[in-house]
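Engineer: This structure is in structure tokens; I'll ask about it shortly.
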Amino acid sequence: MPTIDINYWAVLVAAFASYVIGALWYSPLLFGKAWMELMGFTEKDMQDAKKKGMAKKYGIMFVSTLVMSYVLAHVVDYTESTTVIAGAQAGFWIWLGFIAPVSLGSVLWEGKSWTLWLINASYYLVVLLIMGAVLAVWA
């Protein structure tokens, strides 16, 4: 098995980038209003969730994003990706092979709309493209 060289700072920055992208993606500037409507949430629901405190949920999500970044760093290293394009390509294949098909279950089995799937799946596509690029050039 090859030796893996992981840059932990790059993993952390890539995970943080996911949060920045998510804050923009799910904001009213981009897809936040459509996402809320498709999820059946009202403004009151969102305010109530904020009042209950979301720090724990954000913390758990950040840990899971760190895991995703760490695993993608392995893929980037295994594929010897060292350019923005190569790193983004690694992110794309991970998205196409794992995120896109698995997340289709929300449409097929949970009755969620294709539009909601498109908003969520395209978020992960953008995140994995950027994470892959960061991890490749900062190896």
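Residue numbering restarts at 1 for every chain of the structure tokens, chains are lettered A, B, ... in their displayed order, and ligands are numbered from 1 as they appear.
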Please build the interface table for range 82-124 of chain A against range 21-36 of chain A with a cut-off of 9 Å, listing for each qualifying residue the nearest atom pair and the distance in Å to one decimal; count only C-alpha atoms, order rows by chain and increasing number, and write it as a Markdown table.
Structural biologist:
```
| residue | atom | partner | partner_atom | distance |
| --- | --- | --- | --- | --- |
| A:Thr115 | CA | A:Trp35 | CA | 8.8 |
| A:Leu116 | CA | A:Trp35 | CA | 6.4 |
| A:Ile119 | CA | A:Phe31 | CA | 7.1 |
| A:Asn120 | CA | A:Trp35 | CA | 8.5 |
| A:Tyr123 | CA | A:Trp25 | CA | 7.0 |
```
Engineer: Within 12 Å of range 90-112 of chain A, which residues of range 56-82 of chain A show up? Give each one with its shortest atom-to-atom distance in Å (one decimal) and the two atoms involved, counting only C-alpha atoms, rows by chain then rising residue number, as a tab-separated table.
Structural biologist:
```
residue	atom	partner	partner_atom	distance
A:Met68	CA	A:Ile94	CA	10.3
A:Ser69	CA	A:Gly91	CA	9.9
A:Val71	CA	A:Ile94	CA	10.1
A:Leu72	CA	A:Gly91	CA	7.2
A:Ala73	CA	A:Ala90	CA	9.6
A:His74	CA	A:Ala90	CA	10.3
A:Val75	CA	A:Ala90	CA	7.0
A:Val76	CA	A:Ala90	CA	6.3
A:Asp77	CA	A:Ala90	CA	9.9
A:Tyr78	CA	A:Ala90	CA	10.0
A:Thr79	CA	A:Ala90	CA	7.9
A:Glu80	CA	A:Ala90	CA	10.0
A:Ser81	CA	A:Ala90	CA	7.8
A:Thr82	CA	A:Ala90	CA	10.7
```
Engineer: What is the distance between CA of Ala10 in chain A and CA of Ile130 in chain A, in Å to one decimal?
Structural biologist: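 Between CA of Ala10 in chain A and CA of Ile130 in chain A the gap works out to 11.6 Å.
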Engineer: Tell me, as a PDB file with N, CA and C atoms, in the first residue's frame, which residues lie within 9 Å of Val84 in chain A, counting only C-alpha atoms; anything in the same chain fewer than 3 positions away does not count.
Structural biologist:
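Okay, part.pdb is ready:
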```pdb
ATOM      1  N   SER A  81      -2.879  13.770  -7.831  1.00  0.00           N
ATOM      2  CA  SER A  81      -3.415  15.021  -8.365  1.00  0.00           C
ATOM      3  C   SER A  81      -2.679  16.197  -7.734  1.00  0.00           C
ATOM      4  N   GLY A  87      -7.363  17.972  -9.168  1.00  0.00           N
ATOM      5  CA  GLY A  87      -8.047  17.890  -7.875  1.00  0.00           C
ATOM      6  C   GLY A  87      -9.549  18.008  -8.019  1.00  0.00           C
ATOM      7  N   ALA A  88      -9.988  18.942  -8.875  1.00  0.00           N
ATOM      8  CA  ALA A  88     -11.420  19.107  -9.123  1.00  0.00           C
ATOM      9  C   ALA A  88     -11.992  17.851  -9.780  1.00  0.00           C
ATOM     10  N   GLN A  89     -11.206  17.245 -10.650  1.00  0.00           N
ATOM     11  CA  GLN A  89     -11.658  16.015 -11.308  1.00  0.00           C
ATOM     12  C   GLN A  89     -11.836  14.890 -10.281  1.00  0.00           C
ATOM     13  N   LEU A 129     -15.622  19.834  -5.857  1.00  0.00           N
ATOM     14  CA  LEU A 129     -14.720  20.405  -6.865  1.00  0.00           C
ATOM     15  C   LEU A 129     -13.702  21.332  -6.201  1.00  0.00           C
ATOM     16  N   ILE A 130     -14.195  22.200  -5.331  1.00  0.00           N
ATOM     17  CA  ILE A 130     -13.307  23.159  -4.656  1.00  0.00           C
ATOM     18  C   ILE A 130     -12.408  22.458  -3.654  1.00  0.00           C
ATOM     19  N   GLY A 132     -11.365  19.372  -3.745  1.00  0.00           N
ATOM     20  CA  GLY A 132     -10.377  18.639  -4.512  1.00  0.00           C
ATOM     21  C   GLY A 132      -9.274  19.538  -5.033  1.00  0.00           C
ATOM     22  N   ALA A 133      -9.654  20.712  -5.528  1.00  0.00           N
ATOM     23  CA  ALA A 133      -8.672  21.671  -6.041  1.00  0.00           C
ATOM     24  C   ALA A 133      -7.748  22.149  -4.925  1.00  0.00           C
ATOM     25  N   VAL A 134      -8.328  22.498  -3.785  1.00  0.00           N
ATOM     26  CA  VAL A 134      -7.514  22.965  -2.637  1.00  0.00           C
ATOM     27  C   VAL A 134      -6.552  21.868  -2.198  1.00  0.00           C
ATOM     28  N   LEU A 135      -7.057  20.673  -2.058  1.00  0.00           N
ATOM     29  CA  LEU A 135      -6.233  19.564  -1.570  1.00  0.00           C
ATOM     30  C   LEU A 135      -5.124  19.193  -2.561  1.00  0.00           C
ATOM     31  N   ALA A 136      -5.393  19.337  -3.849  1.00  0.00           N
ATOM     32  CA  ALA A 136      -4.392  19.000  -4.857  1.00  0.00           C
ATOM     33  C   ALA A 136      -3.253  20.000  -4.900  1.00  0.00           C
ATOM     34  N   VAL A 137      -3.589  21.280  -4.877  1.00  0.00           N
ATOM     35  CA  VAL A 137      -2.524  22.284  -5.025  1.00  0.00           C
ATOM     36  C   VAL A 137      -1.789  22.544  -3.717  1.00  0.00           C
TER      37      VAL A 137
END
```
